[in-house]
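Asks: Sharing entry.txt here; it has compact mmCIF, C-alpha atoms.
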# COMPACT_ATOMS: atom_id res chain seq x y z
CA MET A 123 70.59 98.23 35.41
CA ASP A 124 68.97 98.37 38.85
CA GLU A 125 72.26 97.59 40.58
CA ALA A 126 74.05 100.38 38.73
CA ALA A 127 71.33 102.83 39.73
CA ALA A 128 71.63 101.79 43.40
CA ALA A 129 75.39 102.26 43.54
CA PRO A 130 75.32 106.07 44.17
CA GLY A 131 72.90 105.63 47.06
CA LEU A 132 74.99 102.89 48.63
CA ARG A 133 78.13 105.00 48.24
CA THR A 134 76.39 107.88 50.04
CA ALA A 135 75.35 105.53 52.86
CA VAL A 136 78.88 104.11 53.17
CA ASP A 137 80.34 107.64 53.36
CA PHE A 138 77.77 108.62 56.00
CA TYR A 139 78.48 105.67 58.28
CA ALA A 140 82.24 105.99 57.76
CA ARG A 141 82.11 109.59 58.97
CA LYS A 142 79.88 108.58 61.88
CA ALA A 143 82.35 105.83 62.89
CA ASP A 144 85.19 108.38 62.82
CA ARG A 145 83.21 110.72 65.06
CA LEU A 146 82.47 107.91 67.52
CA ARG A 147 86.13 106.87 67.63
CA GLN A 148 87.14 110.45 68.36
CA ARG A 149 84.50 110.71 71.08
CA ARG A 150 85.78 107.50 72.64
CA ARG A 151 89.33 108.91 72.72
CA ASP A 152 88.06 112.12 74.30
CA LEU A 153 86.17 110.15 76.94
CA GLU A 154 89.26 108.04 77.72
CA VAL A 155 91.30 111.20 78.23
CA GLU A 156 88.59 112.65 80.46
CA MET A 157 88.35 109.41 82.46
CA ALA A 158 92.09 109.43 83.09
CA SER A 159 91.84 113.02 84.29
CA VAL A 160 88.94 112.16 86.60
CA GLN A 161 90.84 109.17 88.01
CA ALA A 162 93.89 111.32 88.72
CA GLU A 163 91.72 113.91 90.46
CA LEU A 164 90.02 111.16 92.48
CA ASP A 165 93.34 109.74 93.65
CA LYS A 166 94.52 113.21 94.63
CA THR A 167 91.30 113.88 96.52
CA CYS A 168 91.50 110.57 98.39
CA THR A 169 95.10 111.29 99.38
CA THR A 170 94.18 114.74 100.67
CA CYS A 171 91.24 113.28 102.58
CA ASP A 172 93.51 110.69 104.20
CA GLN A 173 96.01 113.35 105.22
CA LEU A 174 93.33 115.59 106.72
CA ALA A 175 91.68 112.66 108.52
CA GLY A 176 95.04 111.68 110.01
CA ALA A 177 95.72 115.25 111.14
CA LEU A 178 92.25 115.51 112.69
CA ASP A 179 92.72 112.22 114.52
CA GLU A 180 96.05 113.40 115.93
CA ILE A 181 94.51 116.71 117.07
CA LEU A 182 91.60 114.93 118.77
CA SER A 183 93.99 112.49 120.42
CA GLN A 184 96.19 115.31 121.72
CA THR A 185 93.15 117.22 122.98
CA SER A 186 91.88 114.12 124.80
CA ASP A 187 95.31 113.52 126.33
CA LEU A 188 95.50 117.13 127.50
CA GLY A 189 92.07 116.94 129.12
CA GLN A 190 92.99 113.76 130.93
CA GLU A 191 96.26 115.22 132.19
CA GLN A 192 94.37 118.20 133.61
CA ASP A 193 92.00 115.88 135.51
CA VAL A 194 94.77 113.71 136.93
CA GLY A 195 96.83 115.10 139.85
CA ALA A 196 100.58 115.52 139.84
CA GLY A 197 100.99 112.42 142.04
CA ASP A 198 99.07 110.22 139.59
CA ALA A 199 101.11 111.57 136.69
CA ALA A 200 104.34 110.62 138.49
CA GLU A 201 103.13 107.02 138.85
CA SER A 202 102.33 106.55 135.14
CA PRO A 203 104.63 104.19 133.15
CA ALA A 204 107.60 105.90 131.51
CA GLY A 205 106.96 104.43 128.04
CA GLU A 206 103.21 105.04 127.94
CA GLY A 207 103.30 107.79 125.32
CA SER A 208 105.24 105.68 122.79
CA ASP A 209 102.82 102.73 122.80
CA PRO A 210 99.61 103.16 120.74
CA TYR A 211 97.88 100.60 122.97
CA ALA A 212 98.86 102.32 126.24
CA PRO A 213 95.42 103.97 126.85
CA ALA A 214 93.79 100.54 127.30
CA ALA A 215 96.50 99.39 129.74
CA ALA A 216 96.25 102.60 131.79
CA GLU A 217 92.46 102.34 132.23
CA PRO A 218 92.41 101.27 135.94
CA GLU A 219 94.66 104.16 136.95
CA SER A 220 92.58 106.65 134.95
CA GLU A 221 89.43 105.43 136.65
CA SER A 222 91.06 106.04 140.01
CA ALA A 223 91.98 109.56 138.96
CA ASP A 224 88.42 110.10 137.76
CA GLU A 225 87.02 109.02 141.13
CA THR A 226 89.37 111.44 142.89
CA ALA A 227 88.39 114.28 140.57
CA GLY A 228 84.71 113.36 141.01
CA ASP A 229 85.06 113.51 144.80
CA ARG A 230 86.61 116.97 144.55
CA GLN A 231 83.91 118.27 142.23
CA GLU A 232 81.04 116.82 144.24
CA SER A 233 82.06 119.06 147.13
CA GLY A 234 80.33 121.95 145.34
CA PRO A 235 76.52 121.73 144.71
CA GLY A 236 75.40 121.50 141.08
CA ARG A 237 78.90 120.93 139.64
CA PRO A 238 79.20 118.16 137.01
CA ARG A 239 81.39 115.13 137.58
CA ALA A 240 84.72 114.93 135.73
CA SER A 241 84.60 113.26 132.30
CA ALA A 242 88.00 111.54 132.61
CA ALA A 243 86.39 108.08 132.80
CA LYS A 244 84.51 108.63 129.53
CA LYS A 245 87.68 109.87 127.84
CA THR A 246 89.61 106.88 129.15
CA ALA A 247 86.93 104.45 127.94
CA SER A 248 86.99 106.08 124.50
CA LYS A 249 90.78 105.77 124.28
CA ALA A 250 90.63 102.16 125.48
CA LYS A 251 88.10 101.37 122.74
CA SER A 252 90.36 103.03 120.18
CA GLY A 253 93.26 100.88 121.37
CA GLU A 254 91.15 97.74 120.95
CA VAL A 255 90.27 98.72 117.38
CA MET A 256 93.93 99.38 116.58
CA GLN A 257 94.86 95.95 117.96
CA ALA A 258 92.06 94.33 115.93
CA ILE A 259 93.22 96.01 112.71
CA GLU A 260 96.84 95.01 113.28
CA GLN A 261 95.82 91.42 114.06
CA LEU A 262 93.62 91.29 110.94
CA LEU A 263 96.40 92.54 108.65
CA ALA A 264 98.96 90.23 110.27
CA THR A 265 96.79 87.13 109.86
CA SER A 266 95.64 87.99 106.33
CA GLY A 267 99.21 88.17 105.04
CA LYS A 268 98.03 90.51 102.26
CA PRO A 269 97.36 94.24 101.88
CA MET A 270 93.70 95.13 102.40
CA HIS A 271 91.61 98.08 101.27
CA VAL A 272 90.14 100.15 104.09
CA THR A 273 86.63 99.10 103.02
CA LYS A 274 87.57 95.41 103.34
CA ILE A 275 89.08 96.09 106.78
CA THR A 276 85.86 97.82 107.86
CA GLU A 277 83.78 94.86 106.66
CA ALA A 278 86.08 92.38 108.41
CA LEU A 279 85.57 94.24 111.69
CA GLY A 280 81.81 93.86 111.32
CA ARG A 281 81.11 97.54 110.64
CA PRO A 282 78.76 98.94 107.96
CA THR A 283 80.16 100.23 104.68
CA ASP A 284 76.98 101.53 103.00
CA GLY A 285 75.11 104.79 103.50
CA LYS A 286 76.01 107.55 105.93
CA ALA A 287 76.83 105.09 108.71
CA GLY A 288 79.12 103.19 106.35
CA THR A 289 80.92 106.35 105.27
CA ALA A 290 81.54 107.32 108.89
CA ALA A 291 82.74 103.80 109.77
CA VAL A 292 85.13 103.63 106.81
CA GLU A 293 86.61 107.05 107.62
CA THR A 294 87.07 106.05 111.27
CA ILE A 295 88.92 102.86 110.27
CA ARG A 296 90.97 104.84 107.72
CA ALA A 297 92.05 107.31 110.44
CA THR A 298 92.90 104.45 112.81
CA CYS A 299 95.01 102.79 110.11
CA LYS A 300 96.80 106.12 109.63
CA ARG A 301 97.63 106.17 113.34
CA LEU A 302 99.10 102.68 113.04
CA VAL A 303 101.14 103.90 110.06
CA GLY A 304 102.44 106.73 112.22
CA HIS A 305 103.53 104.21 114.86
CA GLY A 306 105.33 102.14 112.21
CA ARG A 307 103.15 99.06 112.75
CA VAL A 308 101.25 99.31 109.46
CA ALA A 309 102.24 100.57 106.00
CA GLU A 310 100.01 102.21 103.39
CA VAL A 311 101.09 100.41 100.22
CA LYS A 312 98.89 102.65 98.08
CA THR A 313 95.94 104.97 98.56
CA ALA A 314 93.56 103.49 101.18
CA VAL A 315 95.31 100.07 101.03
CA PHE A 316 97.15 98.95 104.18
CA ALA A 317 99.38 96.04 105.14
CA ILE A 318 101.25 94.96 108.23
CA ALA A 319 104.60 96.77 108.17
CA ARG A 320 106.84 93.71 108.09
CA LEU A 321 104.95 92.34 105.05
CA ALA A 322 104.45 95.59 103.15
CA GLU A 323 107.40 94.94 100.82
CA ALA A 324 106.69 91.23 100.28
CA GLY A 325 104.43 89.86 97.54
CA PRO A 326 102.08 91.63 95.08
CA THR A 327 99.63 94.24 96.25
CA ASP A 328 96.24 92.65 96.78
CA GLU A 329 93.31 94.61 98.16
CA SER A 330 91.54 91.44 99.24
CA GLY A 331 92.15 89.42 102.37
CA PRO A 332 90.44 86.80 104.52
CA MET A 333 87.68 87.97 106.79
CA SER A 334 88.55 88.18 110.46
CA ASP A 335 87.26 85.74 113.04
CA ALA A 336 84.57 86.43 115.61
CA GLY A 337 87.15 87.83 118.02
CA LEU A 338 87.98 90.67 115.61
CA LYS A 339 84.32 91.57 115.21
CA GLY A 340 84.10 92.00 118.95
CA ALA A 341 86.19 95.18 118.62
CA ALA A 342 83.75 96.72 116.14
Output the file's structure as structure tokens, nothing else.

Replies:
Amino acid sequence: MDEAAAAPGLRTAVDFYARKADRLRQRRRDLEVEMASVQAELDKTCTTCDQLAGALDEILSQTSDLGQEQDVGAGDAAESPAGEGSDPYAPAAAEPESESADETAGDRQESGPGRPRASAAKKTASKAKSGEVMQAIEQLLATSGKPMHVTKITEALGRPTDGKAGTAAVETIRATCKRLVGHGRVAEVKTAVFAIARLAEAGPTDESGPMSDAGLKGAA
């Protein structure tokens, strides 16, 4: 008798929880759709960021090159190697000549009181440092034998990846990788994942890779 009286209440409870389960399933489907949309938007945003960072890096590089050419005389320009512009590591190799040009420019500017010295040496040092980082990245990717995410590359070079300093370091390495892509030395196998060009089509895409040795961290 008691069981028969309890049946209506149990049926009501079963109906309630059945409807609640249906609502939760629908909510889960909605969240999955929203997550897919967010992921697609994130990928698009990262791609746009990479493109803009690469364009900015090229503009800054061209501006630096133009400033250096203005500081160097026509005679020094005639003595520069013919293939310098095609080699991404050329700035480091041309450092002694640039320093000589800077000294000449400094001597000219010191002839007038209160005039600042030319900044060609600083620009040359900055370009040489950039060339060292590019070499370190290429060496890291070549020795790892696997594609690496830009964050992993930044860590392997001994640079921070957390906080504001980490964000700046990661973006700098990303832009440098983009320059290597432009020179055909590195390939971007997917968003923010890079591999040495000759290995880009071999093996599965893996964002991990062995950490670099102490020599690589010296370029950080």

Asks: So the first atom is atom CA of A:Ala317 and the second is atom CA of A:Pro269; what is the distance between them in Å, to one decimal place?

Replies: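 Distance reported for this atom pair: 4.2 Å.
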
Asks: So, with only C-alpha atoms as the atoms that count, which of A:Met270, A:Glu260, A:Leu321, A:Thr313 lies closest to A:Asp165?

Replies: A:Thr313

Asks: What does the distance between atom CA of A:Leu263 and atom CA of A:Val308 come to in Å, to one decimal place?

Replies: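 Computing it gives 8.4 Å between the two atoms.
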
Asks: In Å to one decimal, how far is atom CA of A:Thr167 from atom CA of A:Arg149?

Replies: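 Calculated distance between atom CA of A:Arg149 and atom CA of A:Thr167 is 26.5 Å.
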
Asks: Using all atoms listed in the file, which residue out of A:Ala309, A:Leu182, A:Ile295, A:Ala314 lies closest to A:Ala264?

Replies: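 Ranked by minimum distance to A:Ala264, first place goes to A:Ala309.
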
Asks: For A:Lys300, work out the shell of residues within 8 Å, counting only C-alpha atoms and skipping chain neighbours fewer than 4 positions away, then give it as a list in words.

Replies: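 The contact residues come out as Asp172, Gly176, Arg296 and Gly304 of chain A.
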
Asks: From the set A:Ala319, A:Val160, A:Val272, A:Leu146, which residue has the shortest atom-to-atom contact distance to A:Leu302, counting all atoms listed in the file?

Replies: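 Using all atoms listed in the file, the shortest distance to A:Leu302 belongs to A:Ala319.
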
Asks: Tell me, as a VMD selection string, which residues lie within 9 Å of stretch 285-292 of chain A, counting all atoms listed in the file; anything in the same chain fewer than 5 positions away does not count.

Replies: chain A and resid 272 to 273 275 to 277 297

Asks: Which residue gives the smallest distance to A:Leu279 among A:Val255, A:Gly267, A:Ala127, A:Ser159, with all atoms listed in the file counted?

Replies: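 The closest residue to A:Leu279 is A:Val255.
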